[in-house]
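To keep things clear, I will list the structure first and then write my remarks on it.
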Amino acid sequence: MLETVKYLIGSAGASGYGSKSTAEQVTESGGDLSSITAIITGATSGIGAETALVLAKRGARLVLPARSLKAAEEAKARIVSECPESEILVMSLDLSSLTSVRNFVSEFESLDLPLSLLINNAGKFTHEHAICEDGVEMTFATNYLGHFLLTKLLLNRLMETAKKTGVQGRIVNVSSSIHGWFSGDLIRYLGLITRDKSHYDATRAYALSKLANVLHTKELAWRLKQMEANVTVNCVHPGIVRTRLTREREGFVTDLVFFLASKLLKTIPQAAATTCYVATHPRLLNVSGKYFADCNEAATSKLGSNLSEAARLWSASEIMVSRDPKAVFNPLNALF
C-alpha cells in the first residue's frame, strides 16, 4: 500500500526522482551529450520518440532505425522542428528479420561513426499469432531476438568507442513489469507457440519477450564484466502510458474504473524518464545488470533474477541467430 501511495504522489526515491519525473528533468544532470552517438529503436512514436527528442535537446547525435522510413523521417522532422541543430540519421531496420538486422549493422558500420549508447526500445504486442521469416514467433522475434542480434553485432563498436573516448558505453533494454507475469519454462513455451498457434496467448507471449529482455541484461552484464569492457547494460520498466481510451464507457461503475486506472498511468514524458535516466545520468557510472522502474533500482521477478535461466536463454539465442546450417534450434527438445 505504501509503495502505491508513493507512486501515485510521485514521491522521489533514492535517485531523487520518482514516477512523476519527466525525461527532461532526469537529463538535466547529464550535461552536454554532443560527444554521444545513440541508436534508438522504436523511436518513431510514443516513449521512443520522446526519448529521442530529449536526447537531441541535450546534443546527442541520433540514429533512428525503423521499419517504415516514412515514419522515421516524420519523427526526424518533429525533432528538427524543436532542435534545428540536431544531427539525425534515418536508417532501415526490421527487427523481426535477422537479415534486416545484419544489413542495418553493416550499413551503420560503413558510416564509420562512434557509438556510445544503444537503446533497445522497440516492441510490439501481437494480438494474432504470427511467425517471422526466420521461423520464430513474431512477438519474441521483434521484442527480444532482433535486439539480441543487434546488440551482439554492435558490441565491438560500443567497446571500441569507449576505449577511444574514455566515455563509458551504455546499453538500455526496455522491458516491462509484465515480465513477472510469465512463469514456467520459457524456451519450451516459445517452442509451443512457434509450432502450434493453439497454444498462443498474446499476453503471455508478450510477458515472455519482456522476461527475455531482463535475462538478456543479466547475462550480458556478466559477460561484459568478464571482458573488462567499459560498457554497461541495464533494463527498465517505463510504466504504463496514458493514452486515449477508445472503448465505450457507460454507467457509474465503468466510469469509476477508468478514472481510478487513469491515476496509475503515466504521460509519455514521464514514461520516457527511466530510459533517459539510465541512459545518461552520471550516478549510473559502472552500474550494470540492474533493473529500474520510476528512475530507481527495482526488483525483478524471481525468474528474472535466475542466472542459470539467463545463461540458458543466451545459449538458445546464439543458436537461433546463427548462420551455421548445422545450428538448428529445437525449443521442444532443447537441453540447455
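Residues are referred to by chain and number: the chain letter is A, B, ... according to the order shown in the C-alpha cells, the number counts from 1 in that chain, and ligands are numbered separately from 1 in the order shown.
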
Write out as JSON lines a residue-level contact list of region 172-227 of chain A versus region 37-41 of chain A with cut-off 12 Å: for each qualifying residue the closest pair of atoms and the distance in Å to one decimal, counting only C-alpha atoms, rows sorted by chain and residue number upward.
{"residue": "A:Val172", "atom": "CA", "partner": "A:Ile40", "partner_atom": "CA", "distance": 9.5}
{"residue": "A:Asn173", "atom": "CA", "partner": "A:Thr41", "partner_atom": "CA", "distance": 10.3}
{"residue": "A:Val174", "atom": "CA", "partner": "A:Thr41", "partner_atom": "CA", "distance": 10.1}

### Task
From the DSSP assignment of the backbone, select every residue of region 126-314 of chain A that is strand (DSSP E), and format the answer as a VMD selection string.
chain A and resid 169 to 174 231 to 237 291 to 293 296 to 298

### Task
Write down as a PyMOL selection string the residues belonging to region 9-165 of chain A that are assigned alpha helix (DSSP H) by DSSP computed on the backbone.
chain A and resi 9+23-26+46-57+69-82+98-110+138-140+146-165

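For the pair CA of Gly239 (chain A) and CA of Cys295 (chain A), the interatomic distance is 10.5 Å.
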
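In terms of minimum interatomic distance to Val167 (chain A), A:Leu115 ranks closest within A:Ala299, A:Ala122, A:Leu115, A:Met320, counting only C-alpha atoms.
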
For Val287 (chain A): contacts at 8 Å, only C-alpha atoms, fewer than 2 positions along chain excluded, given as a PDB file with C-alpha atoms, in the first residue's frame:
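Just written: selection-v2.pdb:
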ATOM      1  CA  THR A 232      27.266  -1.289 -19.075  1.00  0.00           C
ATOM      2  CA  VAL A 233      23.827  -2.738 -19.704  1.00  0.00           C
ATOM      3  CA  ASN A 234      20.651  -2.203 -17.695  1.00  0.00           C
ATOM      4  CA  LEU A 284      24.872   5.190 -13.052  1.00  0.00           C
ATOM      5  CA  LEU A 285      28.544   5.085 -13.995  1.00  0.00           C
ATOM      6  CA  GLY A 289      22.929  -5.723 -14.841  1.00  0.00           C
ATOM      7  CA  LYS A 290      20.223  -3.873 -12.904  1.00  0.00           C
TER       8      LYS A 290
END

#### Entry: Contacts of Leu303 (chain A) within 8 Å, only C-alpha atoms, excl. fewer than 5 positions in-chain, as a ChimeraX atom specification
/A:180,183,309

### Message
Would you pick out the contacts of Glu228 (chain A) at 12 Å or less, using only C-alpha atoms, so that residues sharing its chain but fewer than 4 positions from it are not included, and give the list as a PyMOL selection string?
### Response
chain A and resi 159+162-163+168+221-224+232+286

Per residue of region 258-301 of chain A within 12 Å of region 55-70 of chain A, what are the shortest atom pair and its distance in Å to one decimal, counting only C-alpha atoms, with rows by chain and residue number, as a tab-separated table?
residue	atom	partner	partner_atom	distance
A:Ala272	CA	A:Leu55	CA	10.8
A:Ala273	CA	A:Leu55	CA	11.2
A:Thr275	CA	A:Leu55	CA	10.7
A:Cys276	CA	A:Leu55	CA	7.7
A:Tyr277	CA	A:Leu55	CA	10.7
A:Ala279	CA	A:Leu55	CA	9.4
A:Thr280	CA	A:Leu55	CA	8.8
A:His281	CA	A:Leu55	CA	11.8

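Near Phe292 (chain A), within 9 Å and counting only C-alpha atoms, sit Asn234, Cys235, Val236, His237, Pro238, Thr274, Thr275, Val278, Glu297, Ala298, Ala299 and Thr300 of chain A, not including residues fewer than 5 positions from it in the same chain.
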
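Proximity to Ile171 (chain A) was assessed for A:Thr194, A:Ser317, A:Ala141, A:Leu220 counting only C-alpha atoms; the smallest distance is recorded for A:Leu220.
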
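Relative to CA of Ser209 (chain A), CA of Cys132 (chain A) is found at 14.3 Å.
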